[in-house]
Amino acid sequence: MKKVKILVVCGTGIATSTVVSRKLEEKLSERGFSVETRQCKAAEVERNLEGADIIVATTPVPENLGVPVVRTLAFLTGVGEDEAVEEVIEKLGGGEEEK
Amino acid sequence: MDFNEIVKNCIAFTEMNFNNANEVILFLSNELKNRNIVKSDFPEAVLKREKKYPTGLYLGEINVAIPHTDSNHVVKSGLAIATLTKPVFFGRMDKPETKIPVHIVFVLAVSDPKEYVKFLSKLTSSFGNGKYMKEMVKAKQPSEIKEIIENIFTNKQEVK
């Protein structure tokens, strides 16, 4: 299993990011990832970056953080969810490593 | 987690008329406050947060908004819903500078995110299913809204 750390970002870091975190854990584990999520407010992204492989945000976050960002509401509303899962996996550098 | 507790603290208003997003937010927040579901500083905190991080969700035909704030302003988990006869404009959560017309507003009172998450994920995943939102907009009575909410939560079938 490929281990990934995801920083999940929303405005308050309590409601929507919790929903998005659970959904990411569910969807990515189905695809063979071992997922660890951390949540934070958009204003606190920079100080929570350490160790994160990717950021999934429901609200705009600063650019050039050095970590790929997927900004989407799909994990909240279910609209375009499959496409969003693919985008996350692609930005993580693909699925399970065949080594 | 007990959906019933949140559903019990769910209040609804149908065919409401407001001039802007702030008016709806204040109205619903105050209704929650009057029922001791949230603390007295909740309405102001929600407004402030909405200004910085808007909560409009663009769904296409019927858009919704989910204003909320930190748990320290909340007494117990609940929800206040208003359906609007004419939409008011909210900023989009994913693109705050873009304003969208919103027909249904859900003010969330989240006392414990862990406890709220199942409830909220059921609710938000129902947004993607236009059927529930259309039924909600058509509702004449608050009891119809509560019925739809109950249906969303008791529906065993996963809403896609």
# chains A, B, ... in the order shown; residues from 1 in each chain; ligands from 1
>>> interface_residues(of="chain A", to="chain B", cutoff="6 Å", atoms="only C-alpha atoms", output="mmCIF file with N, CA and C atoms, in the first residue's frame")
data_model
loop_
_atom_site.group_PDB
_atom_site.id
_atom_site.type_symbol
_atom_site.label_atom_id
_atom_site.label_comp_id
_atom_site.auth_asym_id
_atom_site.auth_seq_id
_atom_site.Cartn_x
_atom_site.Cartn_y
_atom_site.Cartn_z
ATOM 1 N N GLY A 11 -12.436 26.561 5.297
ATOM 2 C CA GLY A 11 -12.449 27.861 5.947
ATOM 3 C C GLY A 11 -12.259 27.795 7.456
ATOM 4 N N ILE A 14 -13.275 22.736 10.488
ATOM 5 C CA ILE A 14 -14.081 21.835 11.320
ATOM 6 C C ILE A 14 -15.157 21.065 10.565
ATOM 7 N N VAL A 19 -15.755 16.277 6.570
ATOM 8 C CA VAL A 19 -16.470 15.479 5.573
ATOM 9 C C VAL A 19 -15.513 15.044 4.459
ATOM 10 N N THR A 58 -11.252 22.996 -0.070
ATOM 11 C CA THR A 58 -12.571 23.395 -0.575
ATOM 12 C C THR A 58 -12.614 24.895 -0.811
ATOM 13 N N THR A 59 -11.556 25.567 -0.438
ATOM 14 C CA THR A 59 -11.505 27.025 -0.507
ATOM 15 C C THR A 59 -10.121 27.414 -1.046
ATOM 16 N N LEU A 76 -17.433 16.907 -1.106
ATOM 17 C CA LEU A 76 -18.500 17.418 -0.245
ATOM 18 C C LEU A 76 -19.859 17.119 -0.871
ATOM 19 N N THR A 77 -20.003 17.507 -2.136
ATOM 20 C CA THR A 77 -21.317 17.412 -2.776
ATOM 21 C C THR A 77 -21.495 16.140 -3.597
ATOM 22 N N GLY A 78 -20.422 15.429 -3.860
ATOM 23 C CA GLY A 78 -20.532 14.220 -4.670
ATOM 24 C C GLY A 78 -20.564 14.508 -6.170
ATOM 25 N N VAL A 79 -20.646 15.794 -6.535
ATOM 26 C CA VAL A 79 -20.670 16.141 -7.960
ATOM 27 C C VAL A 79 -19.247 16.095 -8.509
#
>>> select_by_dssp(residues="chain A", states="alpha helix (DSSP H)", output="number ranges by chain")
A: 16-30, 74-77, 81-91
>>> write_last_selection(atoms="N, CA, C and O atoms", output="CSV table (one decimal), in the first residue's frame")
chain,number,residue,atom,x,y,z
A,16,THR,N,-16.5,21.2,6.8
A,16,THR,CA,-16.4,20.7,5.5
A,16,THR,C,-15.1,19.8,5.4
A,16,THR,O,-15.1,18.8,4.7
A,17,SER,N,-14.1,20.2,6.1
A,17,SER,CA,-12.8,19.5,5.9
A,17,SER,C,-13.0,18.1,6.6
A,17,SER,O,-12.3,17.1,6.2
A,18,THR,N,-13.8,18.0,7.6
A,18,THR,CA,-14.1,16.7,8.2
A,18,THR,C,-14.8,15.7,7.3
A,18,THR,O,-14.4,14.6,7.1
A,19,VAL,N,-15.8,16.3,6.6
A,19,VAL,CA,-16.5,15.5,5.6
A,19,VAL,C,-15.5,15.0,4.5
A,19,VAL,O,-15.5,13.9,4.1
A,20,VAL,N,-14.7,16.0,4.0
A,20,VAL,CA,-13.8,15.7,2.9
A,20,VAL,C,-12.7,14.7,3.3
A,20,VAL,O,-12.4,13.8,2.6
A,21,SER,N,-12.3,14.8,4.5
A,21,SER,CA,-11.2,13.8,5.0
A,21,SER,C,-11.8,12.4,5.0
A,21,SER,O,-11.1,11.5,4.5
A,22,ARG,N,-13.0,12.2,5.6
A,22,ARG,CA,-13.6,10.9,5.6
A,22,ARG,C,-13.7,10.3,4.2
A,22,ARG,O,-13.5,9.2,4.0
A,23,LYS,N,-14.2,11.2,3.3
A,23,LYS,CA,-14.5,10.7,2.0
A,23,LYS,C,-13.2,10.4,1.3
A,23,LYS,O,-13.1,9.3,0.6
A,24,LEU,N,-12.1,11.1,1.5
A,24,LEU,CA,-10.8,10.8,0.9
A,24,LEU,C,-10.3,9.5,1.4
A,24,LEU,O,-9.7,8.7,0.7
A,25,GLU,N,-10.4,9.3,2.7
A,25,GLU,CA,-9.9,8.1,3.3
A,25,GLU,C,-10.7,6.9,2.7
A,25,GLU,O,-10.0,5.9,2.3
A,26,GLU,N,-12.0,7.0,2.5
A,26,GLU,CA,-12.8,6.0,1.9
A,26,GLU,C,-12.4,5.7,0.5
A,26,GLU,O,-12.1,4.6,0.1
A,27,LYS,N,-12.4,6.8,-0.3
A,27,LYS,CA,-12.2,6.6,-1.7
A,27,LYS,C,-10.7,6.1,-2.1
A,27,LYS,O,-10.5,5.3,-3.0
A,28,LEU,N,-9.8,6.7,-1.4
A,28,LEU,CA,-8.4,6.3,-1.7
A,28,LEU,C,-8.0,5.0,-1.1
A,28,LEU,O,-7.2,4.3,-1.7
A,29,SER,N,-8.6,4.5,0.0
A,29,SER,CA,-8.3,3.2,0.4
A,29,SER,C,-8.8,2.2,-0.5
A,29,SER,O,-8.2,1.1,-0.7
A,30,GLU,N,-10.0,2.5,-1.1
A,30,GLU,CA,-10.5,1.6,-2.2
A,30,GLU,C,-9.5,1.4,-3.3
A,30,GLU,O,-9.6,0.4,-4.0
A,74,ALA,N,-16.0,18.4,-4.8
A,74,ALA,CA,-16.6,17.1,-5.2
A,74,ALA,C,-16.7,16.2,-4.0
A,74,ALA,O,-17.7,15.4,-3.9
A,75,PHE,N,-15.8,16.2,-3.0
A,75,PHE,CA,-15.9,15.3,-1.9
A,75,PHE,C,-16.9,15.7,-0.9
A,75,PHE,O,-17.2,15.0,0.1
A,76,LEU,N,-17.4,16.9,-1.1
A,76,LEU,CA,-18.5,17.4,-0.2
A,76,LEU,C,-19.9,17.1,-0.9
A,76,LEU,O,-20.7,16.5,-0.2
A,77,THR,N,-20.0,17.5,-2.1
A,77,THR,CA,-21.3,17.4,-2.8
A,77,THR,C,-21.5,16.1,-3.6
A,77,THR,O,-22.6,15.8,-4.0
A,81,GLU,N,-17.2,13.5,-8.3
A,81,GLU,CA,-16.3,12.9,-7.3
A,81,GLU,C,-15.3,11.9,-8.0
A,81,GLU,O,-14.1,12.0,-7.6
A,82,ASP,N,-15.7,11.1,-9.0
A,82,ASP,CA,-14.8,10.2,-9.6
A,82,ASP,C,-13.6,10.9,-10.3
A,82,ASP,O,-12.5,10.5,-10.1
A,83,GLU,N,-13.9,12.0,-10.9
A,83,GLU,CA,-12.9,12.8,-11.6
A,83,GLU,C,-11.9,13.4,-10.6
A,83,GLU,O,-10.7,13.4,-10.8
A,84,ALA,N,-12.5,13.8,-9.4
A,84,ALA,CA,-11.7,14.4,-8.4
A,84,ALA,C,-10.7,13.4,-7.8
A,84,ALA,O,-9.6,13.7,-7.5
A,85,VAL,N,-11.2,12.2,-7.6
A,85,VAL,CA,-10.4,11.1,-7.1
A,85,VAL,C,-9.2,10.9,-8.1
A,85,VAL,O,-8.0,10.8,-7.7
A,86,GLU,N,-9.5,10.8,-9.4
A,86,GLU,CA,-8.4,10.7,-10.4
A,86,GLU,C,-7.4,11.8,-10.3
A,86,GLU,O,-6.2,11.6,-10.5
A,87,GLU,N,-7.9,13.0,-10.2
A,87,GLU,CA,-7.0,14.1,-10.1
A,87,GLU,C,-6.1,14.0,-8.9
A,87,GLU,O,-4.9,14.3,-9.0
A,88,VAL,N,-6.6,13.6,-7.8
A,88,VAL,CA,-5.8,13.5,-6.6
A,88,VAL,C,-4.7,12.4,-6.8
A,88,VAL,O,-3.5,12.6,-6.5
A,89,ILE,N,-5.1,11.3,-7.4
A,89,ILE,CA,-4.2,10.2,-7.6
A,89,ILE,C,-3.1,10.6,-8.6
A,89,ILE,O,-1.9,10.3,-8.4
A,90,GLU,N,-3.5,11.3,-9.6
A,90,GLU,CA,-2.6,11.7,-10.6
A,90,GLU,C,-1.5,12.7,-10.0
A,90,GLU,O,-0.3,12.5,-10.2
A,91,LYS,N,-2.0,13.6,-9.2
A,91,LYS,CA,-1.1,14.5,-8.5
A,91,LYS,C,-0.2,13.9,-7.5
A,91,LYS,O,0.8,14.4,-7.1
>>> residues_around(residues="range 100-103 of chain B", least_positions_apart="3", cutoff="9 Å", atoms="only C-alpha atoms", output="tab-separated table (two decimals) with all heavy atoms, in the first residue's frame")
chain	number	residue	atom	x	y	z
B	21	ALA	N	-27.77	37.79	1.70
B	21	ALA	CA	-27.27	36.63	2.45
B	21	ALA	C	-27.19	36.92	3.96
B	21	ALA	O	-27.57	36.08	4.78
B	21	ALA	CB	-25.90	36.23	1.92
B	56	GLY	N	-21.21	29.28	-0.27
B	56	GLY	CA	-22.12	28.92	-1.36
B	56	GLY	C	-21.59	27.72	-2.12
B	56	GLY	O	-20.42	27.65	-2.46
B	57	LEU	N	-22.47	26.75	-2.37
B	57	LEU	CA	-22.08	25.57	-3.13
B	57	LEU	C	-22.82	25.58	-4.46
B	57	LEU	O	-24.05	25.53	-4.49
B	57	LEU	CB	-22.43	24.28	-2.36
B	57	LEU	CG	-21.80	24.11	-0.98
B	57	LEU	CD1	-22.31	22.84	-0.33
B	57	LEU	CD2	-20.27	24.07	-1.08
B	58	TYR	N	-22.05	25.68	-5.53
B	58	TYR	CA	-22.66	25.72	-6.85
B	58	TYR	C	-23.03	24.31	-7.29
B	58	TYR	O	-22.19	23.44	-7.41
B	58	TYR	CB	-21.69	26.35	-7.86
B	58	TYR	CG	-22.27	26.40	-9.24
B	58	TYR	CD1	-23.21	27.37	-9.58
B	58	TYR	CD2	-21.91	25.46	-10.21
B	58	TYR	CE1	-23.78	27.40	-10.85
B	58	TYR	CE2	-22.47	25.49	-11.47
B	58	TYR	CZ	-23.40	26.47	-11.79
B	58	TYR	OH	-23.97	26.49	-13.03
B	62	ILE	N	-30.26	24.33	-8.59
B	62	ILE	CA	-30.58	24.85	-7.25
B	62	ILE	C	-29.29	24.87	-6.43
B	62	ILE	O	-28.74	23.83	-6.11
B	62	ILE	CB	-31.63	23.97	-6.55
B	62	ILE	CG1	-32.92	23.95	-7.37
B	62	ILE	CG2	-31.90	24.46	-5.13
B	62	ILE	CD1	-33.92	22.89	-6.92
B	63	ASN	N	-28.83	26.07	-6.11
B	63	ASN	CA	-27.61	26.18	-5.33
B	63	ASN	C	-27.95	26.32	-3.85
B	63	ASN	O	-29.02	26.81	-3.49
B	63	ASN	CB	-26.78	27.37	-5.79
B	63	ASN	CG	-26.45	27.28	-7.26
B	63	ASN	OD1	-26.05	26.23	-7.75
B	63	ASN	ND2	-26.66	28.37	-7.99
B	64	VAL	N	-27.01	25.93	-3.00
B	64	VAL	CA	-27.24	26.01	-1.55
B	64	VAL	C	-26.06	26.72	-0.88
B	64	VAL	O	-25.02	26.93	-1.50
B	64	VAL	CB	-27.44	24.61	-0.93
B	64	VAL	CG1	-28.56	23.84	-1.62
B	64	VAL	CG2	-26.15	23.79	-0.99
B	65	ALA	N	-26.24	27.07	0.38
B	65	ALA	CA	-25.13	27.61	1.17
B	65	ALA	C	-25.18	26.97	2.54
B	65	ALA	O	-26.26	26.64	3.04
B	65	ALA	CB	-25.22	29.14	1.27
B	82	ALA	N	-33.59	27.42	5.63
B	82	ALA	CA	-34.60	28.30	5.04
B	82	ALA	C	-34.63	28.07	3.53
B	82	ALA	O	-33.58	28.02	2.88
B	82	ALA	CB	-34.28	29.76	5.33
B	83	THR	N	-35.85	27.92	3.00
B	83	THR	CA	-35.98	27.93	1.54
B	83	THR	C	-36.49	29.30	1.16
B	83	THR	O	-37.31	29.90	1.86
B	83	THR	CB	-36.96	26.84	1.06
B	83	THR	OG1	-38.24	27.04	1.67
B	83	THR	CG2	-36.46	25.45	1.43
B	84	LEU	N	-36.00	29.83	0.04
B	84	LEU	CA	-36.25	31.23	-0.32
B	84	LEU	C	-37.13	31.33	-1.56
B	84	LEU	O	-36.93	30.59	-2.53
B	84	LEU	CB	-34.92	31.94	-0.57
B	84	LEU	CG	-33.85	31.74	0.52
B	84	LEU	CD1	-32.56	32.41	0.11
B	84	LEU	CD2	-34.33	32.29	1.86
B	85	THR	N	-38.07	32.25	-1.53
B	85	THR	CA	-38.92	32.44	-2.71
B	85	THR	C	-38.13	33.07	-3.85
B	85	THR	O	-38.35	32.77	-5.00
B	85	THR	CB	-40.15	33.31	-2.40
B	85	THR	OG1	-39.69	34.43	-1.66
B	85	THR	CG2	-41.17	32.56	-1.58
B	86	LYS	N	-37.22	33.99	-3.49
B	86	LYS	CA	-36.31	34.49	-4.51
B	86	LYS	C	-34.89	34.34	-3.97
B	86	LYS	O	-34.64	34.57	-2.79
B	86	LYS	CB	-36.63	35.95	-4.89
B	86	LYS	CG	-36.52	36.93	-3.75
B	86	LYS	CD	-36.76	38.35	-4.26
B	86	LYS	CE	-36.88	39.38	-3.16
B	86	LYS	NZ	-35.85	39.59	-2.22
B	87	PRO	N	-33.97	33.90	-4.83
B	87	PRO	CA	-32.62	33.60	-4.35
B	87	PRO	C	-31.88	34.83	-3.83
B	87	PRO	O	-32.16	35.95	-4.27
B	87	PRO	CB	-31.92	33.02	-5.58
B	87	PRO	CG	-32.71	33.46	-6.75
B	87	PRO	CD	-34.12	33.64	-6.28
B	88	VAL	N	-30.97	34.63	-2.89
B	88	VAL	CA	-30.05	35.69	-2.49
B	88	VAL	C	-28.65	35.24	-2.91
B	88	VAL	O	-28.41	34.06	-3.15
B	88	VAL	CB	-30.08	35.97	-0.97
B	88	VAL	CG1	-31.44	36.47	-0.55
B	88	VAL	CG2	-29.68	34.75	-0.16
B	89	PHE	N	-27.73	36.18	-3.00
B	89	PHE	CA	-26.41	35.86	-3.53
B	89	PHE	C	-25.40	35.56	-2.43
B	89	PHE	O	-25.26	36.30	-1.48
B	89	PHE	CB	-25.91	36.99	-4.44
B	89	PHE	CG	-26.58	36.94	-5.78
B	89	PHE	CD1	-27.86	37.47	-5.97
B	89	PHE	CD2	-25.95	36.32	-6.85
B	89	PHE	CE1	-28.48	37.38	-7.21
B	89	PHE	CE2	-26.56	36.23	-8.09
B	89	PHE	CZ	-27.84	36.76	-8.28
B	90	PHE	N	-24.70	34.44	-2.62
B	90	PHE	CA	-23.62	34.03	-1.72
B	90	PHE	C	-22.34	33.91	-2.55
B	90	PHE	O	-22.39	33.58	-3.74
B	90	PHE	CB	-23.91	32.65	-1.12
B	90	PHE	CG	-24.77	32.67	0.11
B	90	PHE	CD1	-26.14	32.83	0.01
B	90	PHE	CD2	-24.19	32.51	1.38
B	90	PHE	CE1	-26.94	32.84	1.16
B	90	PHE	CE2	-24.99	32.51	2.52
B	90	PHE	CZ	-26.36	32.68	2.40
B	91	GLY	N	-21.20	34.11	-1.90
B	91	GLY	CA	-19.93	33.82	-2.56
B	91	GLY	C	-19.76	32.32	-2.65
B	91	GLY	O	-20.28	31.59	-1.81
B	92	ARG	N	-19.06	31.86	-3.68
B	92	ARG	CA	-18.81	30.43	-3.82
B	92	ARG	C	-17.69	30.00	-2.89
B	92	ARG	O	-16.66	30.66	-2.82
B	92	ARG	CB	-18.38	30.13	-5.26
B	92	ARG	CG	-19.49	29.72	-6.16
B	92	ARG	CD	-18.98	29.51	-7.55
B	92	ARG	NE	-18.27	28.23	-7.67
B	92	ARG	CZ	-18.21	27.55	-8.82
B	92	ARG	NH1	-18.78	28.01	-9.90
B	92	ARG	NH2	-17.54	26.42	-8.88
B	137	VAL	N	-37.23	22.90	-2.22
B	137	VAL	CA	-37.64	24.21	-2.71
B	137	VAL	C	-39.16	24.29	-2.87
B	137	VAL	O	-39.76	25.34	-2.65
B	137	VAL	CB	-36.93	24.54	-4.06
B	137	VAL	CG1	-37.53	25.77	-4.70
B	137	VAL	CG2	-35.45	24.76	-3.82
>>> closest_residue(among="B:Lys99, B:Asn72, B:Val105, B:Ile6", to="Leu28 in chain B", atoms="only C-alpha atoms")
B:Val105
>>> select_by_dssp(residues="range 13-80 of chain A", states="strand (DSSP E)", output="list of chain:residue names")
A:Phe33, A:Ser34, A:Val35, A:Glu36, A:Thr37, A:Arg38, A:Gln39, A:Cys40, A:Lys41, A:Ile54, A:Ile55, A:Val56, A:Ala57, A:Val69, A:Val70, A:Arg71
>>> write_last_selection(atoms="N, CA, C and O atoms", output="tab-separated table (two decimals), in the first residue's frame")
chain	number	residue	atom	x	y	z
A	33	PHE	N	-4.58	2.91	-1.36
A	33	PHE	CA	-3.71	3.85	-0.63
A	33	PHE	C	-3.96	3.72	0.87
A	33	PHE	O	-5.08	3.45	1.31
A	34	SER	N	-2.89	3.92	1.63
A	34	SER	CA	-3.05	4.04	3.06
A	34	SER	C	-3.03	5.54	3.36
A	34	SER	O	-2.02	6.21	3.15
A	35	VAL	N	-4.15	6.06	3.81
A	35	VAL	CA	-4.31	7.51	3.87
A	35	VAL	C	-4.26	8.05	5.29
A	35	VAL	O	-4.90	7.52	6.19
A	36	GLU	N	-3.48	9.09	5.45
A	36	GLU	CA	-3.48	9.80	6.72
A	36	GLU	C	-3.89	11.23	6.40
A	36	GLU	O	-3.29	11.88	5.55
A	37	THR	N	-4.93	11.72	7.07
A	37	THR	CA	-5.37	13.08	6.78
A	37	THR	C	-5.14	13.98	7.99
A	37	THR	O	-5.16	13.53	9.13
A	38	ARG	N	-4.91	15.23	7.70
A	38	ARG	CA	-4.86	16.25	8.75
A	38	ARG	C	-5.70	17.41	8.25
A	38	ARG	O	-5.73	17.69	7.05
A	39	GLN	N	-6.41	18.06	9.15
A	39	GLN	CA	-7.28	19.16	8.73
A	39	GLN	C	-6.76	20.47	9.28
A	39	GLN	O	-6.22	20.53	10.37
A	40	CYS	N	-6.97	21.52	8.50
A	40	CYS	CA	-6.66	22.83	9.05
A	40	CYS	C	-7.46	23.92	8.35
A	40	CYS	O	-8.10	23.69	7.33
A	41	LYS	N	-7.43	25.10	8.93
A	41	LYS	CA	-8.08	26.26	8.32
A	41	LYS	C	-7.21	26.78	7.19
A	41	LYS	O	-5.98	26.67	7.25
A	54	ILE	N	0.05	16.07	-0.47
A	54	ILE	CA	-0.89	16.79	-1.31
A	54	ILE	C	-1.84	17.59	-0.41
A	54	ILE	O	-2.05	17.24	0.75
A	55	ILE	N	-2.40	18.66	-0.98
A	55	ILE	CA	-3.41	19.44	-0.27
A	55	ILE	C	-4.73	19.29	-1.01
A	55	ILE	O	-4.76	19.44	-2.24
A	56	VAL	N	-5.79	18.97	-0.31
A	56	VAL	CA	-7.11	18.98	-0.92
A	56	VAL	C	-7.89	20.07	-0.19
A	56	VAL	O	-8.03	20.03	1.03
A	57	ALA	N	-8.34	21.08	-0.94
A	57	ALA	CA	-8.96	22.24	-0.32
A	57	ALA	C	-10.34	22.51	-0.92
A	57	ALA	O	-10.57	22.28	-2.10
A	69	VAL	N	-1.83	20.94	-5.14
A	69	VAL	CA	-3.11	21.31	-4.55
A	69	VAL	C	-4.26	20.86	-5.45
A	69	VAL	O	-4.20	21.06	-6.66
A	70	VAL	N	-5.27	20.25	-4.88
A	70	VAL	CA	-6.50	19.99	-5.60
A	70	VAL	C	-7.59	20.79	-4.91
A	70	VAL	O	-7.86	20.57	-3.73
A	71	ARG	N	-8.16	21.76	-5.65
A	71	ARG	CA	-9.25	22.54	-5.05
A	71	ARG	C	-10.56	22.00	-5.63
A	71	ARG	O	-10.79	22.08	-6.82
>>> residues_around(residues="Val67 in chain A", least_positions_apart="3", cutoff="12 Å", atoms="only C-alpha atoms", output="list in words")
Lys5, Ile6, Leu7, Val45, Glu46, Asn48, Leu49, Glu50, Gly51, Ala52, Asp53, Ile54, Ile55, Val56, Val61, Pro62, Glu63, Asn64, Val70, Lys91 and Leu92 of chain A
